[in-house]
file query-v5.txt (compact mmCIF, C-alpha atoms and all ligand atoms)
# COMPACT_ATOMS: atom_id res chain seq x y z
CA MET R 71 0.00 0.00 0.00
CA GLY R 72 1.08 3.58 -0.58
CA TRP R 73 1.71 6.29 2.01
CA THR R 74 0.78 9.97 2.28
CA ILE R 75 1.79 12.80 4.58
CA MET R 76 0.07 16.18 4.80
CA ILE R 77 1.28 19.07 6.96
CA HIS R 78 0.21 22.58 7.91
CA GLY R 79 2.04 25.55 9.39
CA GLY R 80 -1.04 27.52 10.35
CA CYS R 81 -3.59 29.61 8.51
CA GLY R 82 -4.51 33.27 8.47
CA ALA R 83 -4.70 36.51 6.57
CA MET R 84 -1.78 35.64 4.31
CA ARG R 85 -1.98 37.11 0.82
CA PRO R 86 0.81 37.49 -1.71
CA GLU R 87 0.86 41.24 -1.03
CA THR R 88 1.12 40.86 2.78
CA VAL R 89 3.83 38.18 2.97
CA SER R 90 7.37 39.35 2.22
CA ALA R 91 9.56 37.37 -0.13
CA GLY R 92 11.78 36.47 2.82
CA GLN R 93 8.87 35.24 4.94
CA GLU R 94 7.51 33.20 2.06
CA GLU R 95 10.88 31.64 1.33
CA ALA R 96 11.42 30.76 5.01
CA ALA R 97 7.96 29.21 5.32
CA ARG R 98 8.33 27.19 2.12
CA ALA R 99 11.75 25.92 3.18
CA GLY R 100 10.37 24.89 6.57
CA LEU R 101 7.46 23.02 5.01
CA GLU R 102 9.78 21.25 2.54
CA ALA R 103 12.08 20.21 5.39
CA ALA R 104 9.14 18.84 7.38
CA LEU R 105 7.91 16.88 4.35
CA ASP R 106 11.45 15.51 3.91
CA ALA R 107 11.53 14.32 7.53
CA GLY R 108 8.19 12.53 7.26
CA THR R 109 8.89 11.15 3.81
CA ALA R 110 12.26 9.70 4.88
CA LEU R 111 10.43 7.51 7.38
CA LEU R 112 7.31 6.62 5.40
CA SER R 113 9.27 5.64 2.29
CA ARG R 114 11.12 3.02 4.36
CA ASP R 115 7.90 1.55 5.73
CA GLY R 116 8.13 3.68 8.86
CA SER R 117 4.99 4.29 10.87
CA ALA R 118 2.60 7.19 10.42
CA LEU R 119 3.12 7.93 14.12
CA ASP R 120 6.90 8.35 13.73
CA ALA R 121 6.40 10.39 10.55
CA VAL R 122 4.02 12.94 12.08
CA GLU R 123 6.25 13.35 15.13
CA ALA R 124 9.33 13.86 12.91
CA ALA R 125 7.57 16.40 10.69
CA ALA R 126 6.21 18.27 13.71
CA ARG R 127 9.68 18.40 15.31
CA VAL R 128 11.09 20.13 12.22
CA LEU R 129 8.34 22.75 12.30
CA GLU R 130 8.67 23.24 16.08
CA GLU R 131 12.35 24.09 15.63
CA ASP R 132 11.60 26.55 12.83
CA PRO R 133 10.93 30.13 14.04
CA ALA R 134 8.78 30.78 10.97
CA PHE R 135 5.93 28.95 12.72
CA ASN R 136 3.99 29.35 15.97
CA ALA R 137 5.24 26.22 17.74
CA GLY R 138 8.38 25.61 19.76
CA ARG R 139 10.92 28.37 19.02
CA GLY R 140 9.16 31.38 17.49
CA SER R 141 5.90 30.72 19.32
CA VAL R 142 3.58 33.59 20.12
CA LEU R 143 3.77 35.09 23.60
CA ALA R 144 1.18 34.96 26.36
CA ALA R 145 0.11 38.26 27.98
CA ASP R 146 2.86 37.92 30.62
CA GLY R 147 5.53 37.65 27.90
CA ALA R 148 6.19 33.95 28.39
CA VAL R 149 5.85 31.17 25.84
CA GLU R 150 3.41 28.39 26.81
CA LEU R 151 3.33 25.39 24.51
CA ASP R 152 0.55 22.91 23.77
CA ALA R 153 0.83 19.70 21.70
CA ALA R 154 -0.93 16.41 21.03
CA ILE R 155 -0.27 13.21 19.12
CA MET R 156 -2.61 10.32 18.34
CA ASP R 157 -2.18 6.88 16.82
CA GLY R 158 -5.16 5.77 14.73
CA ALA R 159 -4.26 2.09 15.05
CA ASP R 160 -5.46 1.83 18.65
CA ARG R 161 -6.51 5.44 19.40
CA SER R 162 -3.72 5.82 21.93
CA ALA R 163 -3.06 9.51 22.53
CA GLY R 164 -0.83 11.86 24.48
CA ALA R 165 -0.96 15.60 25.02
CA VAL R 166 0.69 18.41 26.94
CA ALA R 167 -0.44 21.97 27.69
CA GLY R 168 1.29 24.99 29.13
CA LEU R 169 4.86 23.72 28.77
CA ARG R 170 7.45 26.45 29.42
CA THR R 171 10.81 24.67 29.24
CA THR R 172 10.50 21.53 27.11
CA ARG R 173 12.16 22.07 23.74
CA ALA R 174 10.15 19.39 21.91
CA PRO R 175 6.48 19.59 22.97
CA ILE R 176 5.37 16.97 20.43
CA SER R 177 7.86 14.48 21.85
CA ALA R 178 6.60 15.28 25.35
CA ALA R 179 3.09 14.46 24.11
CA ARG R 180 4.36 11.19 22.70
CA ALA R 181 6.12 10.39 25.98
CA ALA R 182 2.87 11.09 27.84
CA MET R 183 1.17 8.62 25.51
CA GLU R 184 3.79 5.90 25.81
CA HIS R 185 5.23 6.34 29.29
CA SER R 186 2.43 7.63 31.48
CA PRO R 187 -1.00 6.22 32.32
CA HIS R 188 -2.55 9.58 31.39
CA VAL R 189 -3.49 11.39 28.19
CA LEU R 190 -3.10 15.10 29.03
CA LEU R 191 -0.37 16.57 31.27
CA THR R 192 -0.21 20.28 32.07
CA TYR R 193 2.08 23.16 33.11
CA ALA R 194 5.15 22.80 35.37
CA GLU R 195 4.40 19.19 36.21
CA ALA R 196 4.27 18.35 32.52
CA ASP R 197 7.70 19.95 32.02
CA ARG R 198 8.91 17.95 35.00
CA PHE R 199 7.59 14.75 33.44
CA ALA R 200 9.31 15.58 30.14
CA ARG R 201 12.60 16.25 31.93
CA ALA R 202 12.33 12.89 33.71
CA GLN R 203 11.77 11.30 30.29
CA GLY R 204 15.12 12.69 29.17
CA LEU R 205 13.69 15.43 26.95
CA GLU R 206 15.84 18.55 26.62
CA GLN R 207 14.90 21.54 28.76
CA VAL R 208 15.67 25.14 27.79
CA ALA R 209 15.09 28.57 29.33
CA ASN R 210 11.71 30.03 28.33
CA SER R 211 13.59 32.91 26.67
CA TRP R 212 15.06 30.40 24.18
CA PHE R 213 11.62 30.19 22.52
CA VAL R 214 11.19 33.98 22.26
CA THR R 215 12.01 35.80 19.02
CA PRO R 216 12.13 39.62 18.60
CA GLU R 217 9.25 39.44 16.07
CA ARG R 218 6.96 37.75 18.60
CA LYS R 219 7.96 40.21 21.32
CA ALA R 220 7.07 43.12 19.00
CA GLN R 221 3.77 41.43 18.08
CA LEU R 222 2.82 41.10 21.76
CA ASP R 223 3.80 44.72 22.46
CA ARG R 224 1.55 45.85 19.58
CA ILE R 225 -1.40 43.83 20.81
CA MET R 226 -0.97 44.88 24.44
CA ALA R 227 -0.70 48.54 23.35
CA ALA R 228 -4.04 48.07 21.59
CA GLY R 229 -5.64 46.81 24.80
CA GLY R 230 -4.76 43.09 24.57
CA LYS R 231 -7.45 42.34 21.99
CA PHE R 232 -6.92 39.62 19.43
CA ASP R 233 -5.86 40.87 16.05
CA SER R 234 -8.34 40.16 13.23
CA ALA R 235 -5.44 40.02 10.75
CA ILE R 236 -3.90 37.31 12.88
CA LYS R 237 -1.94 34.45 11.43
CA TYR R 238 -2.65 31.22 13.27
CA GLY R 239 0.79 29.64 13.01
CA THR R 240 0.12 26.35 14.76
CA ILE R 241 1.75 23.40 13.04
CA GLY R 242 0.35 19.95 12.35
CA ALA R 243 0.91 16.73 10.45
CA VAL R 244 -1.29 13.80 9.46
CA ALA R 245 -0.13 10.66 7.70
CA VAL R 246 -1.14 7.23 6.51
CA ASP R 247 1.63 4.63 6.36
CA SER R 248 2.12 1.65 4.09
CA GLY R 249 0.32 -0.52 6.64
CA GLY R 250 -2.82 1.61 6.30
CA HIS R 251 -2.52 3.17 9.77
CA VAL R 252 -3.14 6.87 10.32
CA ALA R 253 -1.72 9.30 12.90
CA ALA R 254 -2.00 12.99 13.73
CA ALA R 255 0.19 15.53 15.53
CA THR R 256 -0.40 19.20 16.37
CA SER R 257 1.85 21.66 18.24
CA THR R 258 1.38 25.34 19.05
CA GLY R 259 2.20 28.35 21.15
CA GLY R 260 -1.54 29.12 21.12
CA LEU R 261 -2.83 32.68 20.71
CA THR R 262 -0.87 35.90 21.26
CA ALA R 263 -1.69 37.63 24.57
CA LYS R 264 -3.53 34.60 25.93
CA ARG R 265 -4.22 34.77 29.66
CA TRP R 266 -5.38 32.82 32.67
CA GLY R 267 -3.76 29.54 31.69
CA ARG R 268 -5.71 29.47 28.41
CA VAL R 269 -5.46 26.14 26.57
CA GLY R 270 -6.53 25.95 22.93
CA ASP R 271 -7.84 23.15 20.74
CA SER R 272 -4.48 21.75 19.65
CA PRO R 273 -3.77 19.54 22.70
CA LEU R 274 -7.42 18.54 23.19
CA ILE R 275 -8.03 15.13 21.66
CA GLY R 276 -11.06 15.44 19.38
CA ALA R 277 -10.88 19.23 19.07
CA GLY R 278 -7.62 20.08 17.26
CA THR R 279 -6.16 16.59 16.93
CA TYR R 280 -7.68 13.18 16.26
CA ALA R 281 -6.77 9.87 14.57
CA ASP R 282 -8.77 6.70 14.09
CA ASP R 283 -8.06 3.98 11.52
CA ARG R 284 -11.82 3.56 11.10
CA SER R 285 -12.14 7.05 9.61
CA CYS R 286 -9.20 9.47 9.32
CA ALA R 287 -6.46 11.51 11.02
CA VAL R 288 -7.03 15.25 11.50
CA SER R 289 -5.04 18.31 12.61
CA ALA R 290 -6.56 21.79 12.94
CA THR R 291 -5.43 25.40 13.01
CA GLY R 292 -7.46 28.52 13.68
CA LEU R 293 -9.42 30.10 16.49
CA GLY R 294 -9.12 27.32 19.06
CA GLU R 295 -12.19 28.28 21.07
CA ALA R 296 -14.47 27.61 18.08
CA PHE R 297 -12.71 24.32 17.23
CA ILE R 298 -13.16 23.17 20.84
CA ARG R 299 -16.87 23.99 20.83
CA ALA R 300 -17.33 22.21 17.48
CA VAL R 301 -15.21 19.24 18.66
CA ALA R 302 -13.90 19.73 15.16
CA ALA R 303 -11.43 16.90 14.56
CA HIS R 304 -13.67 14.26 16.10
CA GLN R 305 -16.70 15.67 14.33
CA LEU R 306 -14.90 15.21 11.01
CA ALA R 307 -14.04 11.59 11.82
CA MET R 308 -17.58 10.83 12.99
CA ARG R 309 -19.16 12.41 9.93
CA MET R 310 -17.23 9.81 7.95
CA MET R 311 -17.64 6.85 10.26
CA LEU R 312 -21.25 7.29 11.37
CA GLY R 313 -22.57 9.63 8.71
CA GLY R 314 -20.96 7.96 5.71
CA GLU R 315 -19.66 11.27 4.35
CA GLU R 316 -16.64 11.49 2.06
CA LEU R 317 -13.49 13.00 3.56
CA GLY R 318 -13.69 16.28 1.61
CA GLU R 319 -17.43 16.68 2.24
CA ALA R 320 -16.95 16.07 5.99
CA LEU R 321 -14.02 18.52 6.15
CA ASP R 322 -16.02 21.29 4.46
CA ALA R 323 -18.98 20.66 6.77
CA VAL R 324 -16.79 20.95 9.86
CA LEU R 325 -15.25 24.22 8.67
CA ALA R 326 -18.78 25.54 8.07
CA ASP R 327 -19.77 24.47 11.58
CA VAL R 328 -16.69 26.19 13.07
CA GLY R 329 -17.67 29.26 11.03
CA SER R 330 -21.18 29.19 12.46
CA LEU R 331 -19.55 29.55 15.89
CA GLY R 332 -17.63 32.61 14.75
CA GLY R 333 -14.33 30.86 14.09
CA SER R 334 -12.15 30.68 11.02
CA GLY R 335 -9.32 28.27 10.39
CA GLY R 336 -8.11 25.25 8.51
CA LEU R 337 -7.98 21.47 8.63
CA ILE R 338 -5.81 18.75 7.13
CA ALA R 339 -6.98 15.14 7.05
CA VAL R 340 -5.97 11.77 5.59
CA ALA R 341 -7.92 8.51 5.49
CA PRO R 342 -6.47 4.98 5.74
CA GLY R 343 -7.19 4.46 2.03
CA GLY R 344 -4.78 7.28 1.20
CA GLU R 345 -7.31 10.00 0.48
CA ALA R 346 -6.02 13.37 1.69
CA ARG R 347 -7.77 16.74 1.90
CA TRP R 348 -7.10 20.20 3.21
CA GLY R 349 -9.36 23.20 3.55
CA PHE R 350 -9.39 26.64 5.17
CA THR R 351 -11.70 29.59 5.61
CA THR R 352 -8.90 32.16 5.92
CA PRO R 353 -7.16 33.70 2.88
CA GLY R 354 -4.20 31.33 3.20
CA MET R 355 -2.78 28.31 4.99
CA TYR R 356 0.82 27.13 5.01
CA ARG R 357 0.54 23.54 3.85
CA GLY R 358 2.26 20.67 2.13
CA LEU R 359 1.66 17.16 0.86
CA ALA R 360 3.84 14.24 -0.21
CA CYS R 361 2.71 10.79 -1.40
CA SER R 362 4.33 7.53 -2.44
CA SER R 363 2.89 8.18 -5.93
CA GLY R 364 5.47 10.98 -6.27
CA GLU R 365 3.01 13.85 -5.86
CA ARG R 366 4.54 16.57 -3.73
CA ARG R 367 3.36 20.13 -3.12
CA VAL R 368 3.85 23.10 -0.83
CA SER R 369 1.33 25.97 -0.97
CA ILE R 370 0.46 29.10 1.00
CA TYR R 371 -2.40 30.97 -0.69
CA GLY R 372 -5.70 29.76 -2.10
CA GLU R 373 -4.99 28.00 -5.39
CA ALA R 374 -7.02 26.58 -8.24
CA ASP R 375 -5.52 23.12 -7.73
CA ASP R 376 -6.50 22.98 -4.08
CA ARG R 377 -7.53 19.60 -2.80
N1 LIG R 401 -5.58 26.68 17.16
C1 LIG R 401 -4.55 27.35 17.92
C2 LIG R 401 -5.08 27.74 19.27
O1 LIG R 401 -6.19 28.22 19.34
C3 LIG R 401 -4.01 28.57 17.26
C4 LIG R 401 -3.46 28.36 15.87
O2 LIG R 401 -4.00 27.58 15.07
O3 LIG R 401 -2.44 29.02 15.54
O4 LIG R 401 -4.36 27.58 20.24

call {"tool": "encode", "arguments": {"input": "query-v5.txt", "output": "structure tokens"}}
result
Amino acid sequence: MGWTIMIHGGCGAMRPETVSAGQEEAARAGLEAALDAGTALLSRDGSALDAVEAAARVLEEDPAFNAGRGSVLAADGAVELDAAIMDGADRSAGAVAGLRTTRAPISAARAAMEHSPHVLLTYAEADRFARAQGLEQVANSWFVTPERKAQLDRIMAAGGKFDSAIKYGTIGAVAVDSGGHVAAATSTGGLTAKRWGRVGDSPLIGAGTYADDRSCAVSATGLGEAFIRAVAAHQLAMRMMLGGEELGEALDAVLADVGSLGGSGGLIAVAPGGEARWGFTTPGMYRGLACSSGERRVSIYGEADDR
């Protein structure tokens, strides 16, 4: 059987006239590198689970995206990281929220899945767990870039309100491997100027991340509050499994439902049969796809050949 990997680096108000050539080049290079990491594993019969973790790690390390280094800042100026991973073969899942010192949030989520009896670990105790698992710890300032600091200063100067021209830079990956198993991974710094220990959809299984071999694997980006209320990723899977909808039809219906709750965003999804779809209700979404058939693509803006 063939394999497919699909990734996103967040969605938002990106248009050719608002993204500089440098930003576009950096984002495209990051997406290509993430596809390379996933493809290297899948093409050697590696698992979808390993592939989505590897792709997510590349994007976490890349300051062009809102995950790991280069994440957006909370209102107090700190970076707080959320991530989740899920294996569609047995629906095992792991997630972390509010990490401040763990360099690789997606690997912490995987460690929670494989080496703890729990699904979701939070805040300082979650960092402590990751450290005990041998995952590298860094100062919170290591995640902070001057661009994100300036972005927070702008938003705080405007009263701390969310920016309607926001770019949701969360990263995610979904894959189906040659054994027909699917997996999903999502990692994020959340929303700029978030407060009160806010946790978004990304680390919530069923909201921003979900994988089930009986339907599909899903990763979301966008206004997390709306994706949580729509239980977006799980809704997509259930539309297929219980409602008999096609992947693309289910994905569009979920984005419409998120929209009805006042949220915009994007979704990527793959099914065990190899079908892969993406969709977004913002002007653009950083995204990429690679398949065993040789098809490979990285896109940012809305395009005629969209899937
Ligand atoms: N969905 C993320 C959150 O609400 C934000 C994003 O997609 O960038 O935390």

call {"tool": "closest_atom_pairs", "arguments": {"input": "query-v5.txt", "of": "chain R", "to": "ligand LIG 401 (chain R)", "cutoff": "7 Å", "atoms": "only C-alpha atoms and all ligand atoms", "output": "Markdown table"}}
result
| residue | atom | partner | partner_atom | distance |
| --- | --- | --- | --- | --- |
| R:Gly80 | CA | R:LIG401 | O2 | 5.6 |
| R:Cys81 | CA | R:LIG401 | O2 | 6.9 |
| R:Asn136 | CA | R:LIG401 | O3 | 6.5 |
| R:Lys237 | CA | R:LIG401 | O3 | 6.8 |
| R:Tyr238 | CA | R:LIG401 | O3 | 3.2 |
| R:Gly239 | CA | R:LIG401 | O3 | 4.1 |
| R:Thr240 | CA | R:LIG401 | O3 | 3.8 |
| R:Thr258 | CA | R:LIG401 | O4 | 6.3 |
| R:Gly259 | CA | R:LIG401 | O4 | 6.7 |
| R:Gly260 | CA | R:LIG401 | O4 | 3.3 |
| R:Leu261 | CA | R:LIG401 | O4 | 5.3 |
| R:Val269 | CA | R:LIG401 | O4 | 6.6 |
| R:Gly270 | CA | R:LIG401 | O4 | 3.8 |
| R:Asp271 | CA | R:LIG401 | N1 | 5.5 |
| R:Ser272 | CA | R:LIG401 | N1 | 5.6 |
| R:Gly278 | CA | R:LIG401 | N1 | 6.9 |
| R:Ala290 | CA | R:LIG401 | N1 | 6.5 |
| R:Thr291 | CA | R:LIG401 | O2 | 3.3 |
| R:Gly292 | CA | R:LIG401 | O2 | 3.8 |
| R:Leu293 | CA | R:LIG401 | O1 | 4.7 |
| R:Gly294 | CA | R:LIG401 | O1 | 3.1 |
| R:Glu295 | CA | R:LIG401 | O1 | 6.2 |

call {"tool": "write_last_selection", "arguments": {"input": "query-v5.txt", "atoms": "C-alpha atoms", "output": "mmCIF file, keeping the file's coordinate frame"}}
result
data_model
loop_
_atom_site.group_PDB
_atom_site.id
_atom_site.type_symbol
_atom_site.label_atom_id
_atom_site.label_comp_id
_atom_site.auth_asym_id
_atom_site.auth_seq_id
_atom_site.Cartn_x
_atom_site.Cartn_y
_atom_site.Cartn_z
ATOM 1 C CA GLY R 80 -1.040 27.520 10.350
ATOM 2 C CA CYS R 81 -3.590 29.610 8.510
ATOM 3 C CA ASN R 136 3.990 29.350 15.970
ATOM 4 C CA LYS R 237 -1.940 34.450 11.430
ATOM 5 C CA TYR R 238 -2.650 31.220 13.270
ATOM 6 C CA GLY R 239 0.790 29.640 13.010
ATOM 7 C CA THR R 240 0.120 26.350 14.760
ATOM 8 C CA THR R 258 1.380 25.340 19.050
ATOM 9 C CA GLY R 259 2.200 28.350 21.150
ATOM 10 C CA GLY R 260 -1.540 29.120 21.120
ATOM 11 C CA LEU R 261 -2.830 32.680 20.710
ATOM 12 C CA VAL R 269 -5.460 26.140 26.570
ATOM 13 C CA GLY R 270 -6.530 25.950 22.930
ATOM 14 C CA ASP R 271 -7.840 23.150 20.740
ATOM 15 C CA SER R 272 -4.480 21.750 19.650
ATOM 16 C CA GLY R 278 -7.620 20.080 17.260
ATOM 17 C CA ALA R 290 -6.560 21.790 12.940
ATOM 18 C CA THR R 291 -5.430 25.400 13.010
ATOM 19 C CA GLY R 292 -7.460 28.520 13.680
ATOM 20 C CA LEU R 293 -9.420 30.100 16.490
ATOM 21 C CA GLY R 294 -9.120 27.320 19.060
ATOM 22 C CA GLU R 295 -12.190 28.280 21.070
#

call {"tool": "residues_around", "arguments": {"input": "query-v5.txt", "residues": "Ser363 in chain R", "least_positions_apart": "5", "cutoff": "10 Å", "atoms": "all atoms listed in the file", "output": "PyMOL selection string"}}
result
chain R and resi 72-74

call {"tool": "closest_residue", "arguments": {"input": "query-v5.txt", "among": "R:Glu217, R:Asp327, R:Glu315, R:Asp282", "to": "Arg161 in chain R", "atoms": "only C-alpha atoms"}}
result
R:Asp282

call {"tool": "residues_around", "arguments": {"input": "query-v5.txt", "residues": "Leu111 in chain R", "least_positions_apart": "6", "cutoff": "9 Å", "atoms": "all atoms listed in the file", "output": "list of chain:residue names"}}
result
R:Ser117, R:Ala118, R:Asp120, R:Ala121, R:Ala124

call {"tool": "residues_around", "arguments": {"input": "query-v5.txt", "residues": "Leu151 in chain R", "least_positions_apart": "5", "cutoff": "9 Å", "atoms": "all atoms listed in the file", "output": "ChimeraX atom specification"}}
result
/R:137-138,141,166-172,175,193,257-260

call {"tool": "closest_residue", "arguments": {"input": "query-v5.txt", "among": "R:Arg224, R:His188, R:Arg201, R:Arg357", "to": "Phe135 in chain R", "atoms": "only C-alpha atoms"}}
result
R:Arg357

call {"tool": "closest_residue", "arguments": {"input": "query-v5.txt", "among": "R:Ala96, R:Asn210, R:Pro273, R:Met226", "to": "Ile176 in chain R", "atoms": "all atoms listed in the file"}}
result
R:Pro273

call {"tool": "closest_residue", "arguments": {"input": "query-v5.txt", "among": "R:Pro342, R:Gly364, R:Gly313, R:Gly335", "to": "Gly158 in chain R", "atoms": "all atoms listed in the file"}}
result
R:Pro342

call {"tool": "atom_distance", "arguments": {"input": "query-v5.txt", "atom1": "CA of Leu112 in chain R", "atom2": "CA of Ala346 in chain R"}}
result
15.4 Å

call {"tool": "residues_around", "arguments": {"input": "query-v5.txt", "residues": "Ala245 in chain R", "least_positions_apart": "3", "cutoff": "12 Å", "atoms": "all atoms listed in the file", "output": "MDAnalysis selection string"}}
result
chainID R and resid 72:78 105 108:109 111:113 116:126 155:158 242 248:255 280:283 286:289 338:347 358:362

call {"tool": "closest_residue", "arguments": {"input": "query-v5.txt", "among": "R:Met310, R:Ile275, R:Ala300, R:Val89", "to": "Ser330 in chain R", "atoms": "all atoms listed in the file"}}
result
R:Ala300

call {"tool": "residues_around", "arguments": {"input": "query-v5.txt", "residues": "Asp223 in chain R", "least_positions_apart": "6", "cutoff": "10 Å", "atoms": "only C-alpha atoms", "output": "count of residues only"}}
result
7

call {"tool": "atom_distance", "arguments": {"input": "query-v5.txt", "atom1": "CA of Gly79 in chain R", "atom2": "CA of Ala97 in chain R"}}
result
8.1 Å

call {"tool": "axis_aligned_box", "arguments": {"input": "query-v5.txt", "around": "range 343-351 of chain R", "padding_each_side": "3 Å", "output": "AutoDock Vina command-line options"}}
result
--center_x -8.2 --center_y 17.0 --center_z 3.0 --size_x 12.9 --size_y 31.1 --size_z 11.1

call {"tool": "closest_residue", "arguments": {"input": "query-v5.txt", "among": "R:Thr88, R:Ser177, R:Ser369, R:Ser285", "to": "Val246 in chain R", "atoms": "all atoms listed in the file"}}
result
R:Ser285

call {"tool": "atom_distance", "arguments": {"input": "query-v5.txt", "atom1": "CA of Ala296 in chain R", "atom2": "CA of Val324 in chain R"}}
result
10.8 Å

call {"tool": "residues_near_point", "arguments": {"input": "query-v5.txt", "point": "(6.5, 11.0, 28.2)", "cutoff": "12 Å", "atoms": "all atoms listed in the file", "output": "PyMOL selection string"}}
result
chain R and resi 154-155+163-166+172+174-191+195-205

call {"tool": "write_last_selection", "arguments": {"input": "query-v5.txt", "atoms": "C-alpha atoms", "output": "CSV table (one decimal), in the frame of the given file"}}
result
chain,number,residue,atom,x,y,z
R,154,ALA,CA,-0.9,16.4,21.0
R,155,ILE,CA,-0.3,13.2,19.1
R,163,ALA,CA,-3.1,9.5,22.5
R,164,GLY,CA,-0.8,11.9,24.5
R,165,ALA,CA,-1.0,15.6,25.0
R,166,VAL,CA,0.7,18.4,26.9
R,172,THR,CA,10.5,21.5,27.1
R,174,ALA,CA,10.2,19.4,21.9
R,175,PRO,CA,6.5,19.6,23.0
R,176,ILE,CA,5.4,17.0,20.4
R,177,SER,CA,7.9,14.5,21.8
R,178,ALA,CA,6.6,15.3,25.4
R,179,ALA,CA,3.1,14.5,24.1
R,180,ARG,CA,4.4,11.2,22.7
R,181,ALA,CA,6.1,10.4,26.0
R,182,ALA,CA,2.9,11.1,27.8
R,183,MET,CA,1.2,8.6,25.5
R,184,GLU,CA,3.8,5.9,25.8
R,185,HIS,CA,5.2,6.3,29.3
R,186,SER,CA,2.4,7.6,31.5
R,187,PRO,CA,-1.0,6.2,32.3
R,188,HIS,CA,-2.6,9.6,31.4
R,189,VAL,CA,-3.5,11.4,28.2
R,190,LEU,CA,-3.1,15.1,29.0
R,191,LEU,CA,-0.4,16.6,31.3
R,195,GLU,CA,4.4,19.2,36.2
R,196,ALA,CA,4.3,18.4,32.5
R,197,ASP,CA,7.7,20.0,32.0
R,198,ARG,CA,8.9,18.0,35.0
R,199,PHE,CA,7.6,14.8,33.4
R,200,ALA,CA,9.3,15.6,30.1
R,201,ARG,CA,12.6,16.2,31.9
R,202,ALA,CA,12.3,12.9,33.7
R,203,GLN,CA,11.8,11.3,30.3
R,204,GLY,CA,15.1,12.7,29.2
R,205,LEU,CA,13.7,15.4,27.0

call {"tool": "build_atoms", "arguments": {"input": "query-v5.txt", "residues": "range 263-267 of chain R", "atoms": "all heavy atoms", "output": "PDB file, in the frame of the given file"}}
result
ATOM      1  N   ALA R 263      -1.054  36.912  23.457  1.00  0.00           N
ATOM      2  CA  ALA R 263      -1.690  37.630  24.570  1.00  0.00           C
ATOM      3  C   ALA R 263      -2.715  36.785  25.318  1.00  0.00           C
ATOM      4  O   ALA R 263      -3.577  37.323  26.006  1.00  0.00           O
ATOM      5  CB  ALA R 263      -2.311  38.951  24.103  1.00  0.00           C
ATOM      6  N   LYS R 264      -2.601  35.465  25.181  1.00  0.00           N
ATOM      7  CA  LYS R 264      -3.530  34.600  25.930  1.00  0.00           C
ATOM      8  C   LYS R 264      -3.275  34.774  27.434  1.00  0.00           C
ATOM      9  O   LYS R 264      -2.160  35.087  27.846  1.00  0.00           O
ATOM     10  CB  LYS R 264      -3.361  33.143  25.497  1.00  0.00           C
ATOM     11  CG  LYS R 264      -1.998  32.537  25.776  1.00  0.00           C
ATOM     12  CD  LYS R 264      -1.885  31.117  25.199  1.00  0.00           C
ATOM     13  CE  LYS R 264      -0.509  30.522  25.477  1.00  0.00           C
ATOM     14  NZ  LYS R 264      -0.351  29.167  24.933  1.00  0.00           N
ATOM     15  N   ARG R 265      -4.322  34.554  28.209  1.00  0.00           N
ATOM     16  CA  ARG R 265      -4.220  34.770  29.660  1.00  0.00           C
ATOM     17  C   ARG R 265      -4.881  33.634  30.436  1.00  0.00           C
ATOM     18  O   ARG R 265      -5.549  32.786  29.871  1.00  0.00           O
ATOM     19  CB  ARG R 265      -4.925  36.083  30.034  1.00  0.00           C
ATOM     20  CG  ARG R 265      -4.191  37.301  29.538  1.00  0.00           C
ATOM     21  CD  ARG R 265      -4.858  38.551  30.022  1.00  0.00           C
ATOM     22  NE  ARG R 265      -6.097  38.808  29.284  1.00  0.00           N
ATOM     23  CZ  ARG R 265      -6.983  39.747  29.608  1.00  0.00           C
ATOM     24  NH1 ARG R 265      -6.776  40.498  30.666  1.00  0.00           N
ATOM     25  NH2 ARG R 265      -8.059  39.936  28.897  1.00  0.00           N
ATOM     26  N   TRP R 266      -4.686  33.683  31.711  1.00  0.00           N
ATOM     27  CA  TRP R 266      -5.380  32.820  32.670  1.00  0.00           C
ATOM     28  C   TRP R 266      -5.178  31.327  32.410  1.00  0.00           C
ATOM     29  O   TRP R 266      -6.093  30.515  32.609  1.00  0.00           O
ATOM     30  CB  TRP R 266      -6.886  33.143  32.673  1.00  0.00           C
ATOM     31  CG  TRP R 266      -7.175  34.606  32.875  1.00  0.00           C
ATOM     32  CD1 TRP R 266      -6.702  35.409  33.871  1.00  0.00           C
ATOM     33  CD2 TRP R 266      -7.989  35.447  32.056  1.00  0.00           C
ATOM     34  NE1 TRP R 266      -7.173  36.695  33.706  1.00  0.00           N
ATOM     35  CE2 TRP R 266      -7.970  36.744  32.616  1.00  0.00           C
ATOM     36  CE3 TRP R 266      -8.750  35.221  30.902  1.00  0.00           C
ATOM     37  CZ2 TRP R 266      -8.669  37.811  32.061  1.00  0.00           C
ATOM     38  CZ3 TRP R 266      -9.437  36.282  30.355  1.00  0.00           C
ATOM     39  CH2 TRP R 266      -9.395  37.558  30.934  1.00  0.00           C
ATOM     40  N   GLY R 267      -4.004  30.971  31.925  1.00  0.00           N
ATOM     41  CA  GLY R 267      -3.760  29.540  31.690  1.00  0.00           C
ATOM     42  C   GLY R 267      -4.567  28.993  30.533  1.00  0.00           C
ATOM     43  O   GLY R 267      -4.861  27.798  30.471  1.00  0.00           O
TER      44      GLY R 267
END
